[in-house]
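Structure file upload07.csv; described as CSV, C-alpha atoms.
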chain,number,residue,atom,x,y,z
A,4,MET,CA,12.7,29.0,-6.6
A,5,ILE,CA,13.5,25.3,-6.8
A,6,ARG,CA,11.8,22.5,-4.9
A,7,SER,CA,14.2,22.3,-2.0
A,8,GLU,CA,13.7,26.1,-1.4
A,9,ILE,CA,9.9,25.5,-1.3
A,10,LEU,CA,10.4,22.7,1.2
A,11,LYS,CA,12.7,24.8,3.4
A,12,GLU,CA,10.1,27.6,3.4
A,13,ILE,CA,7.1,25.4,4.2
A,14,ALA,CA,8.9,23.2,6.7
A,15,PRO,CA,7.5,25.1,9.7
A,16,ILE,CA,4.0,24.6,8.4
A,17,LEU,CA,4.6,20.9,7.7
A,18,ARG,CA,6.2,20.2,11.1
A,19,ASP,CA,2.9,19.5,13.0
A,20,GLN,CA,1.1,17.8,10.2
A,21,LEU,CA,1.0,14.2,8.9
A,22,VAL,CA,3.0,14.3,5.7
A,23,VAL,CA,3.5,11.6,3.0
A,24,CYS,CA,6.5,12.6,0.9
A,25,ASN,CA,7.3,11.6,-2.7
A,26,ILE,CA,10.1,9.2,-3.6
A,27,GLY,CA,13.7,10.3,-4.3
A,28,LEU,CA,15.0,13.8,-3.8
A,29,PRO,CA,11.8,15.3,-2.3
A,30,SER,CA,11.9,12.9,0.6
A,31,GLN,CA,15.7,13.2,1.0
A,32,GLU,CA,15.4,17.0,1.0
A,33,LEU,CA,12.6,17.0,3.6
A,34,HIS,CA,14.5,14.5,5.7
A,35,MET,CA,17.6,16.8,5.7
A,36,ILE,CA,15.7,20.0,6.2
A,37,ASP,CA,13.4,18.9,9.1
A,38,ASP,CA,13.1,15.2,9.9
A,39,GLN,CA,9.9,14.5,11.9
A,40,PRO,CA,8.2,11.3,13.0
A,41,THR,CA,5.1,12.8,11.3
A,42,ASN,CA,6.8,12.4,7.9
A,43,PHE,CA,6.3,9.2,5.9
A,44,TYR,CA,9.2,9.0,3.5
A,45,MET,CA,8.7,7.0,0.4
A,46,LEU,CA,11.8,5.1,-0.5
A,47,GLY,CA,10.4,3.5,-3.6
A,48,THR,CA,7.1,3.1,-5.5
A,49,MET,CA,7.0,6.2,-7.7
A,50,GLY,CA,3.6,7.7,-8.1
A,51,LEU,CA,1.8,6.6,-5.0
A,52,SER,CA,2.4,9.5,-2.6
A,53,SER,CA,-1.1,10.8,-3.3
A,54,SER,CA,-2.7,7.4,-3.0
A,55,ILE,CA,-1.0,6.6,0.3
A,56,GLY,CA,-1.9,10.0,1.7
A,57,PHE,CA,-5.4,9.8,0.5
A,58,GLY,CA,-6.0,6.3,2.0
A,59,LEU,CA,-4.7,7.7,5.3
A,60,ALA,CA,-7.0,10.7,5.1
A,61,LEU,CA,-10.0,8.4,4.4
A,62,ALA,CA,-9.1,6.2,7.4
A,63,GLN,CA,-8.8,8.8,10.2
A,64,ASP,CA,-9.7,12.4,10.9
A,65,LYS,CA,-6.3,14.2,11.2
A,66,LYS,CA,-5.2,16.4,8.2
A,67,VAL,CA,-2.9,14.8,5.8
A,68,ILE,CA,-0.6,16.5,3.3
A,69,SER,CA,0.8,14.4,0.4
A,70,ILE,CA,3.8,16.1,-1.3
A,71,ASP,CA,4.0,14.9,-4.9
A,72,GLY,CA,5.8,15.9,-8.0
A,73,ASP,CA,4.6,16.5,-11.6
A,74,GLY,CA,6.4,13.5,-12.9
A,75,SER,CA,4.9,11.3,-10.1
A,76,VAL,CA,1.4,12.5,-10.7
A,77,LEU,CA,1.8,11.8,-14.4
A,78,THR,CA,2.8,8.3,-13.5
A,79,ASN,CA,-0.4,7.7,-11.4
A,80,PHE,CA,-3.0,9.9,-13.2
A,81,GLY,CA,-5.7,7.5,-12.1
A,82,THR,CA,-5.3,9.0,-8.6
A,83,LEU,CA,-7.1,12.2,-9.5
A,84,PRO,CA,-10.5,10.7,-10.3
A,85,THR,CA,-10.3,8.6,-7.2
A,86,ILE,CA,-9.6,11.7,-5.1
A,87,ALA,CA,-12.3,13.7,-6.8
A,88,ASN,CA,-15.0,11.1,-6.3
A,89,ASN,CA,-14.3,10.2,-2.7
A,90,VAL,CA,-13.9,13.6,-1.1
A,91,ALA,CA,-11.9,13.7,2.2
A,92,ASP,CA,-11.9,17.2,3.5
A,93,ASN,CA,-8.8,16.5,5.7
A,94,PHE,CA,-6.7,15.8,2.5
A,95,ILE,CA,-4.3,18.2,0.8
A,96,LEU,CA,-2.3,17.2,-2.3
A,97,LEU,CA,0.6,19.5,-2.8
A,98,ILE,CA,2.1,19.0,-6.3
A,99,ILE,CA,5.5,20.6,-6.6
A,100,ASP,CA,5.6,21.1,-10.4
A,101,ASN,CA,9.1,21.9,-11.6
A,102,GLY,CA,8.4,20.5,-15.1
A,103,SER,CA,11.0,17.9,-14.8
A,104,TYR,CA,11.9,14.4,-13.5
A,105,GLY,CA,14.3,15.9,-10.9
A,106,SER,CA,15.5,12.8,-9.2
A,107,THR,CA,16.6,11.2,-12.5
A,108,GLY,CA,18.5,14.1,-14.1
A,109,ASP,CA,16.0,16.8,-14.8
A,110,GLN,CA,14.5,15.3,-18.0
A,111,PRO,CA,11.5,17.4,-19.0
A,112,THR,CA,8.0,16.2,-18.2
A,113,TYR,CA,4.9,16.9,-20.2
A,114,ALA,CA,3.6,19.0,-17.3
A,115,GLY,CA,6.4,21.5,-18.2
A,116,LYS,CA,5.1,21.5,-21.8
A,117,LYS,CA,1.5,21.5,-22.9
A,118,THR,CA,-0.1,19.6,-20.0
A,119,SER,CA,-1.7,21.6,-17.1
A,120,LEU,CA,-2.0,19.4,-14.0
A,121,ALA,CA,-4.4,21.9,-12.5
A,122,ALA,CA,-6.6,21.7,-15.5
A,123,VAL,CA,-6.4,17.9,-15.4
A,124,ALA,CA,-7.3,17.8,-11.7
A,125,ARG,CA,-10.3,20.0,-12.4
A,126,ALA,CA,-11.4,17.9,-15.4
A,127,CYS,CA,-11.2,14.9,-13.1
A,128,GLY,CA,-13.7,16.5,-10.8
A,129,CYS,CA,-11.5,17.9,-8.1
A,130,GLY,CA,-13.4,20.8,-6.7
A,131,ASN,CA,-10.8,23.0,-5.0
A,132,VAL,CA,-7.7,23.3,-7.2
A,133,VAL,CA,-5.3,26.2,-6.9
A,134,GLU,CA,-2.2,26.9,-9.0
A,135,VAL,CA,0.4,29.2,-7.4
A,136,PRO,CA,3.9,30.4,-8.2
A,137,ALA,CA,6.5,28.9,-6.0
A,138,GLU,CA,6.8,31.9,-3.7
A,139,GLU,CA,3.1,31.6,-2.7
A,140,THR,CA,3.2,27.9,-1.8
A,141,GLY,CA,3.4,28.5,2.0
A,142,LYS,CA,0.4,30.9,1.9
A,143,ALA,CA,-1.6,28.5,-0.2
A,144,LEU,CA,-0.7,25.6,2.1
A,145,GLN,CA,-1.7,27.5,5.2
A,146,ALA,CA,-5.0,28.6,3.6
A,147,ALA,CA,-5.7,24.9,2.8
A,148,LEU,CA,-5.0,23.8,6.3
A,149,ASP,CA,-7.1,26.6,7.7
A,150,GLY,CA,-10.0,25.7,5.5
A,151,ASP,CA,-11.8,22.4,5.9
A,152,ARG,CA,-12.0,21.5,2.3
A,153,MET,CA,-10.0,19.0,0.3
A,154,THR,CA,-7.4,21.0,-1.7
A,155,ILE,CA,-5.1,20.3,-4.6
A,156,ILE,CA,-2.3,22.8,-4.8
A,157,VAL,CA,-0.1,22.9,-7.9
A,158,ALA,CA,3.1,25.0,-7.0
A,159,LYS,CA,5.0,25.9,-10.2
A,160,CYS,CA,8.7,26.2,-9.6
A,161,GLU,CA,12.0,25.9,-11.5
A,162,SER,CA,13.8,22.7,-11.9
A,163,GLY,CA,17.1,22.1,-10.1
A,164,ASN,CA,18.5,20.0,-7.3
A,165,ILE,CA,20.8,20.3,-4.3
A,166,LYS,CA,23.2,17.7,-3.0
A,167,VAL,CA,21.4,15.6,-0.3
A,168,PRO,CA,22.3,12.4,1.4
A,169,VAL,CA,20.1,9.3,0.9
A,170,ILE,CA,17.8,8.2,3.7
A,171,THR,CA,19.3,5.3,5.5
A,172,MET,CA,16.6,4.8,8.1
A,173,ASP,CA,14.9,1.4,8.0
A,174,PRO,CA,11.5,1.5,6.3
A,175,VAL,CA,9.9,-0.3,9.2
A,176,VAL,CA,11.2,2.4,11.5
A,177,ILE,CA,9.9,5.1,9.3
A,178,ARG,CA,6.5,3.4,9.2
A,179,ASP,CA,6.4,2.6,12.9
A,180,ARG,CA,7.1,6.0,14.1
A,181,PHE,CA,4.7,7.5,11.6
A,182,MET,CA,1.9,5.2,12.7
A,183,LYS,CA,2.6,6.2,16.4
A,184,SER,CA,2.3,9.8,15.3
A,185,VAL,CA,-1.0,9.1,13.6
A,186,GLN,CA,-2.3,7.4,16.7
A,187,ALA,CA,-1.0,10.1,19.1
B,13,MET,CA,-25.7,-18.5,2.6
B,14,SER,CA,-24.3,-17.4,-0.7
B,15,ILE,CA,-20.5,-17.6,-1.2
B,16,ASN,CA,-20.4,-13.8,-1.7
B,17,THR,CA,-22.1,-13.3,1.7
B,18,LYS,CA,-19.7,-15.8,3.4
B,19,ILE,CA,-16.6,-14.1,2.0
B,20,VAL,CA,-17.7,-10.6,3.0
B,21,ASP,CA,-18.8,-11.9,6.5
B,22,ASP,CA,-15.3,-13.2,7.0
B,23,LEU,CA,-13.8,-9.8,5.9
B,24,VAL,CA,-16.0,-8.0,8.4
B,25,ALA,CA,-15.4,-10.5,11.1
B,26,ASN,CA,-11.7,-9.8,10.7
B,27,ASP,CA,-12.3,-6.1,11.1
B,28,ILE,CA,-11.5,-5.3,7.5
B,29,SER,CA,-13.1,-1.9,7.0
B,30,PHE,CA,-11.4,-0.5,3.9
B,31,VAL,CA,-11.7,-2.3,0.6
B,32,THR,CA,-10.5,-1.2,-2.8
B,33,THR,CA,-11.4,-2.9,-6.0
B,34,VAL,CA,-10.6,-3.2,-9.6
B,35,PRO,CA,-13.5,-5.2,-10.8
B,36,CYS,CA,-13.8,-8.7,-12.4
B,37,LYS,CA,-17.1,-10.3,-13.4
B,38,GLN,CA,-16.3,-13.3,-11.2
B,39,LEU,CA,-16.0,-10.9,-8.2
B,40,ALA,CA,-19.0,-8.8,-9.0
B,41,GLY,CA,-21.2,-10.4,-6.4
B,42,VAL,CA,-18.6,-9.9,-3.7
B,43,ILE,CA,-18.3,-6.2,-4.7
B,44,ASP,CA,-22.1,-5.8,-4.6
B,45,GLU,CA,-22.2,-7.5,-1.2
B,46,ILE,CA,-19.5,-5.1,0.1
B,47,ASP,CA,-21.6,-2.2,-0.9
B,48,THR,CA,-24.4,-3.4,1.4
B,49,ARG,CA,-22.1,-3.3,4.5
B,50,PRO,CA,-22.0,0.0,6.3
B,51,ASP,CA,-18.9,-1.0,8.3
B,52,VAL,CA,-16.8,-1.2,5.1
B,53,LEU,CA,-15.5,1.8,3.2
B,54,HIS,CA,-15.3,0.8,-0.5
B,55,VAL,CA,-13.1,3.0,-2.6
B,56,PRO,CA,-12.8,1.8,-6.2
B,57,SER,CA,-9.4,2.4,-7.7
B,58,ASN,CA,-8.4,2.8,-11.4
B,59,LYS,CA,-5.3,0.6,-11.3
B,60,GLU,CA,-4.2,-2.0,-8.8
B,61,ASP,CA,-0.9,-0.3,-7.7
B,62,GLU,CA,-3.0,2.8,-6.9
B,63,GLY,CA,-5.3,0.6,-4.9
B,64,MET,CA,-2.3,-0.8,-2.9
B,65,GLY,CA,-1.2,2.7,-2.1
B,66,LEU,CA,-4.7,3.5,-0.8
B,67,CYS,CA,-4.5,0.3,1.3
B,68,ALA,CA,-1.1,1.2,2.7
B,69,GLY,CA,-2.4,4.6,3.8
B,70,ALA,CA,-5.6,3.2,5.2
B,71,TRP,CA,-3.7,0.6,7.3
B,72,MET,CA,-1.4,3.3,8.7
B,73,GLY,CA,-4.5,5.2,9.6
B,74,GLY,CA,-5.9,2.4,11.6
B,75,LYS,CA,-8.2,0.5,9.2
B,76,ARG,CA,-7.5,-3.0,8.1
B,77,PRO,CA,-7.5,-3.0,4.3
B,78,ALA,CA,-8.1,-5.5,1.5
B,79,ILE,CA,-7.8,-5.3,-2.2
B,80,ILE,CA,-10.0,-7.2,-4.7
B,81,MET,CA,-8.5,-7.6,-8.2
B,82,GLN,CA,-7.8,-10.0,-11.1
B,83,ASN,CA,-4.6,-12.0,-11.4
B,84,THR,CA,-3.5,-9.9,-14.3
B,85,ALA,CA,-2.8,-7.3,-11.7
B,86,ILE,CA,0.1,-9.3,-10.4
B,87,GLY,CA,1.9,-8.1,-13.5
B,88,VAL,CA,1.0,-4.5,-12.7
B,89,THR,CA,1.9,-4.5,-9.0
B,90,ILE,CA,5.2,-6.4,-8.6
B,91,ASN,CA,7.1,-3.2,-7.8
B,92,THR,CA,4.5,-1.9,-5.4
B,93,LEU,CA,4.4,-5.2,-3.6
B,94,ALA,CA,8.2,-5.3,-3.2
B,95,THR,CA,8.9,-1.6,-2.4
B,96,LEU,CA,5.9,-0.6,-0.5
B,97,ILE,CA,3.9,-3.5,1.0
B,98,GLN,CA,6.8,-5.8,1.7
B,99,TYR,CA,9.5,-3.3,2.3
B,100,TYR,CA,7.5,-1.4,5.0
B,101,ARG,CA,6.1,-4.7,6.3
B,102,MET,CA,2.3,-4.1,5.8
B,103,PRO,CA,-0.5,-6.6,5.8
B,104,LEU,CA,-2.6,-6.9,2.6
B,105,PRO,CA,-5.1,-9.6,1.8
B,106,MET,CA,-5.5,-9.8,-1.9
B,107,LEU,CA,-8.7,-11.5,-3.0
B,108,ILE,CA,-7.9,-12.4,-6.6
B,109,SER,CA,-10.0,-13.6,-9.5
B,110,TYR,CA,-7.8,-16.3,-11.0
B,111,ARG,CA,-8.7,-15.9,-14.7
B,112,GLY,CA,-7.3,-18.3,-17.3
B,113,GLU,CA,-7.7,-21.5,-15.3
B,114,LEU,CA,-10.1,-24.5,-16.0
B,115,ARG,CA,-13.5,-23.4,-17.5
B,116,GLU,CA,-12.0,-20.1,-18.8
B,117,PRO,CA,-13.5,-19.1,-22.1
B,118,VAL,CA,-11.0,-16.3,-23.0
B,119,ALA,CA,-7.7,-17.6,-24.4
B,120,CYS,CA,-5.7,-14.5,-23.6
B,121,GLN,CA,-6.5,-14.9,-19.9
B,122,VAL,CA,-4.4,-18.1,-19.9
B,123,GLU,CA,-1.3,-16.1,-20.8
B,124,MET,CA,-1.1,-14.4,-17.4
B,125,ALA,CA,-2.6,-17.4,-15.6
B,126,VAL,CA,0.5,-19.5,-16.4
B,127,HIS,CA,2.7,-16.9,-14.7
B,128,THR,CA,0.6,-16.1,-11.7
B,129,LYS,CA,1.7,-18.7,-9.2
B,130,ALA,CA,5.4,-18.5,-10.4
B,131,LEU,CA,5.4,-14.7,-9.8
B,132,LEU,CA,3.8,-15.0,-6.4
B,133,ALA,CA,6.3,-17.7,-5.4
B,134,GLN,CA,9.2,-15.6,-6.7
B,135,MET,CA,7.9,-12.8,-4.4
B,136,ASN,CA,7.6,-15.1,-1.4
B,137,ILE,CA,3.9,-14.2,-1.1
B,138,PRO,CA,1.8,-16.8,0.7
B,139,THR,CA,-0.7,-18.1,-1.8
B,140,TYR,CA,-4.0,-20.0,-1.4
B,141,HIS,CA,-6.0,-21.4,-4.3
B,142,PHE,CA,-9.8,-21.7,-4.0
B,143,HIS,CA,-11.0,-24.3,-6.5
B,144,ILE,CA,-14.1,-25.7,-4.9
B,145,GLN,CA,-16.5,-23.7,-2.6
B,146,SER,CA,-15.5,-25.5,0.6
B,147,ASP,CA,-12.0,-24.1,0.1
B,148,ALA,CA,-13.4,-20.8,1.3
B,149,ASP,CA,-13.8,-22.4,4.8
B,150,GLU,CA,-10.1,-21.4,5.3
B,151,LEU,CA,-10.7,-17.7,4.4
B,152,ASP,CA,-11.1,-16.7,8.1
B,153,ALA,CA,-7.8,-18.4,9.0
B,154,ILE,CA,-6.0,-16.9,6.0
B,155,LEU,CA,-7.1,-13.4,7.0
B,156,LYS,CA,-6.0,-13.9,10.6
B,157,TYR,CA,-2.7,-15.2,9.3
B,158,THR,CA,-2.3,-12.1,7.1
B,159,PHE,CA,-2.7,-9.6,9.9
B,160,MET,CA,-0.6,-11.8,12.2
B,161,CYS,CA,2.5,-11.7,9.9
B,162,ASN,CA,2.0,-8.3,8.2
B,163,LYS,CA,2.5,-9.6,4.7
B,164,PRO,CA,0.7,-9.5,1.4
B,165,VAL,CA,-1.2,-12.7,1.0
B,166,ALA,CA,-2.8,-13.9,-2.2
B,167,ILE,CA,-6.2,-15.8,-2.4
B,168,LEU,CA,-6.7,-17.0,-5.9
B,169,THR,CA,-10.3,-17.9,-6.8
B,170,ASP,CA,-10.7,-19.7,-10.1
B,171,ALA,CA,-13.7,-20.1,-12.5
B,172,ASN,CA,-14.5,-23.5,-11.0
B,173,PHE,CA,-14.8,-22.0,-7.5
B,174,TRP,CA,-17.3,-19.4,-8.9
B,175,GLY,CA,-19.3,-22.1,-10.8
B,176,GLY,CA,-17.8,-21.5,-14.3
B,177,TYR,CA,-19.3,-19.3,-17.0
B,178,GLY,CA,-22.3,-21.4,-17.9
B,179,ASP,CA,-22.2,-23.4,-21.2
B,180,GLN,CA,-19.1,-21.9,-22.8

In structure tokens, how does this file's structure come out?
Amino acid sequence: MIRSEILKEIAPILRDQLVVCNIGLPSQELHMIDDQPTNFYMLGTMGLSSSIGFGLALAQDKKVISIDGDGSVLTNFGTLPTIANNVADNFILLIIDNGSYGSTGDQPTYAGKKTSLAAVARACGCGNVVEVPAEETGKALQAALDGDRMTIIVAKCESGNIKVPVITMDPVVIRDRFMKSVQA
Amino acid sequence: MSINTKIVDDLVANDISFVTTVPCKQLAGVIDEIDTRPDVLHVPSNKEDEGMGLCAGAWMGGKRPAIIMQNTAIGVTINTLATLIQYYRMPLPMLISYRGELREPVACQVEMAVHTKALLAQMNIPTYHFHIQSDADELDAILKYTFMCNKPVAILTDANFWGGYGDQ
């Protein structure tokens, strides 16, 4: 399975949740598969999906899912100790780990080599870290939503991209409809 | 009233309830004061761009945020300021320790100090420079302005404002 197939499979689970989605192809794919006002698409700022989602989770009670990638987590490794040390049980970090920088031409990341993001998350103090094969992502995500514990999911999948249009929605529109969904 | 108490009183009076920090010794007293306030959630961050991500999320979740950092962080956060805070039009007061100004003992700090205001000007970020303690009288108005216009706003506080480093 590649990332877009995971997103297609979990779209029905994501639909009713607050989702912060990673820059580039992940946001473009989610936007194409199932655009929702509850989705906050990152149009720039690689690496901050987990930080934005975590700040949101700390500020209010609804559950928040940050969809991140292995390359983006590597860019912002400092996020994991912050998440571990300020537990928000309404926060789920879903790292779709395809071992590559998908949006820039599938260059390999270190997460596809020797580095285990699940092991790093545990070493940072995150208490509830699960690593699953791509096919079990939906099951793991549903279990995380059903539990009331902060969860880090590392979903291992193959690298590869589909053709998707860029998001042309104005960022202030994305942000405004998202904030209205948060308040609803 | 100490300057630290006055600054944090102004933050609280403006409903700021989420603060992230990357520390500086000049701002240590403010950070200590924040930790005494039950109305403010203090989440230390490891890098300033990470902190701005936390602030963006907190604001979308209904809390007014602020970030406390050194001016060296301007070099770290240009992309985040442009593509997150400004692009999505979010308010962000940045209380900044302005290292490398008059009474600075560490020469390397001057290297970023000479770029700080130019970078902020290039980014069209409203910038206020506190040099003597009475400059902080404007903090309340600066915070109101920030949340009125939904922009990042820089408040530079130099060594003279904090009383210098003693006899160095």

Quiz prompt | Residue list for chain B near chain A as number ranges by chain, 9 Å, all atoms listed in the file | solution = B: 30, 53, 55-59, 61-75, 91-96, 99-101

Practice problem: Using all atoms listed in the file, pick whichever of A:Asp92, A:Glu32, A:Asp38, A:Glu161 has the shortest atom-to-atom distance to Pro136 (chain A). | Solution: A:Glu161

Quiz item: Hey, can you check how far CA of Ala133 (chain B) sits from CA of Met81 (chain B)?
Solution: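 Distance reported for this atom pair: 18.1 Å.
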
Quiz item: What does the distance between CA of Pro35 (chain B) and CA of His54 (chain B) come to in Å, to one decimal place?
Solution: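 That distance, rounded to one decimal, is 12.1 Å.
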
Exercise. In Å, rounded to a single decimal, give me how far CA of Ser7 (chain A) is from CA of Ile165 (chain A).
Key: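 Computing it gives 7.3 Å between the two atoms.
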
Name the residues in contact with region 113-121 of chain B at a cut-off of 12 Å, using all atoms listed in the file, excluding same-chain residues fewer than 2 positions from it; report them as a short mmCIF file (atom, residue, chain, number, x, y, z; two decimals) with C-alpha atoms, in the coordinates of the input.
data_model
loop_
_atom_site.label_atom_id
_atom_site.label_comp_id
_atom_site.auth_asym_id
_atom_site.auth_seq_id
_atom_site.Cartn_x
_atom_site.Cartn_y
_atom_site.Cartn_z
CA GLN B 38 -16.30 -13.30 -11.20
CA GLN B 82 -7.80 -10.00 -11.10
CA ASN B 83 -4.60 -12.00 -11.40
CA THR B 84 -3.50 -9.90 -14.30
CA ALA B 85 -2.80 -7.30 -11.70
CA SER B 109 -10.00 -13.60 -9.50
CA TYR B 110 -7.80 -16.30 -11.00
CA ARG B 111 -8.70 -15.90 -14.70
CA GLU B 123 -1.30 -16.10 -20.80
CA MET B 124 -1.10 -14.40 -17.40
CA ALA B 125 -2.60 -17.40 -15.60
CA VAL B 126 0.50 -19.50 -16.40
CA HIS B 127 2.70 -16.90 -14.70
CA THR B 128 0.60 -16.10 -11.70
CA LYS B 129 1.70 -18.70 -9.20
CA HIS B 141 -6.00 -21.40 -4.30
CA PHE B 142 -9.80 -21.70 -4.00
CA HIS B 143 -11.00 -24.30 -6.50
CA ILE B 144 -14.10 -25.70 -4.90
CA LEU B 168 -6.70 -17.00 -5.90
CA THR B 169 -10.30 -17.90 -6.80
CA ASP B 170 -10.70 -19.70 -10.10
CA ALA B 171 -13.70 -20.10 -12.50
CA ASN B 172 -14.50 -23.50 -11.00
CA PHE B 173 -14.80 -22.00 -7.50
CA TRP B 174 -17.30 -19.40 -8.90
CA GLY B 175 -19.30 -22.10 -10.80
CA GLY B 176 -17.80 -21.50 -14.30
CA TYR B 177 -19.30 -19.30 -17.00
CA GLY B 178 -22.30 -21.40 -17.90
CA ASP B 179 -22.20 -23.40 -21.20
CA GLN B 180 -19.10 -21.90 -22.80
#

Quiz item: Around (10.2, 26.2, 1.5) in the file's own coordinates, what residues are found within 10 Å if you use only C-alpha atoms, given back as a list in words?
Solution: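 Every polymer residue passing the test: Met4, Ile5, Arg6, Ser7, Glu8, Ile9, Leu10, Lys11, Glu12, Ile13, Ala14, Pro15, Ile16, Leu17, Leu33, Ile36, Ala137, Glu138, Glu139, Thr140 and Gly141 of chain A.
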
Self-check item: Shell of 7 Å around Lys66 (chain A), only C-alpha atoms, local chain residues under 3 positions omitted, as a PyMOL selection string
Solution: chain A and resi 20-21+60+93-94

Quiz item: For Ala87 (chain A), which residue out of A:Thr118, A:Thr154, A:Asn164, A:Thr171 is the nearest one, using only C-alpha atoms?
Solution: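 Once distances to Ala87 (chain A) are computed over only C-alpha atoms, the minimum belongs to A:Thr154.
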
Quiz item: Using all atoms listed in the file, which of B:Ile19, B:Met102, B:Pro50, B:Met13 sits nearest Pro164 (chain B)?
Solution: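 When distances to Pro164 (chain B) are compared using all atoms listed in the file, the smallest one comes from B:Met102.
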
Quiz item: Restricting the calculation to only C-alpha atoms, which member of A:Thr41, A:Met153, A:Val167, A:Ser103 is positioned closest to Asn131 (chain A)?
Solution: A:Met153

Quiz item: Thr17 (chain B): which residues within 9 Å, counting only C-alpha atoms, same-chain residues fewer than 5 positions away excluded, as a PyMOL selection string?
Solution: chain B and resi 22+41-42+45-46

Exercise. Do a neighbour search on Ile70 (chain A) at 10 Å with only C-alpha atoms, toss out local chain neighbours closer than 4 positions, and write the hits as a PyMOL selection string.
Key: chain A and resi 10+22-26+29-30+52-53+56+95-99+156

Quiz item: In terms of the shortest atom-to-atom distance over only C-alpha atoms, which of B:Gln145, B:Ser29, B:Glu60, B:Asn16 is closest to Asp44 (chain B)?
Solution: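 Of all the options, B:Asn16 lies closest to Asp44 (chain B).
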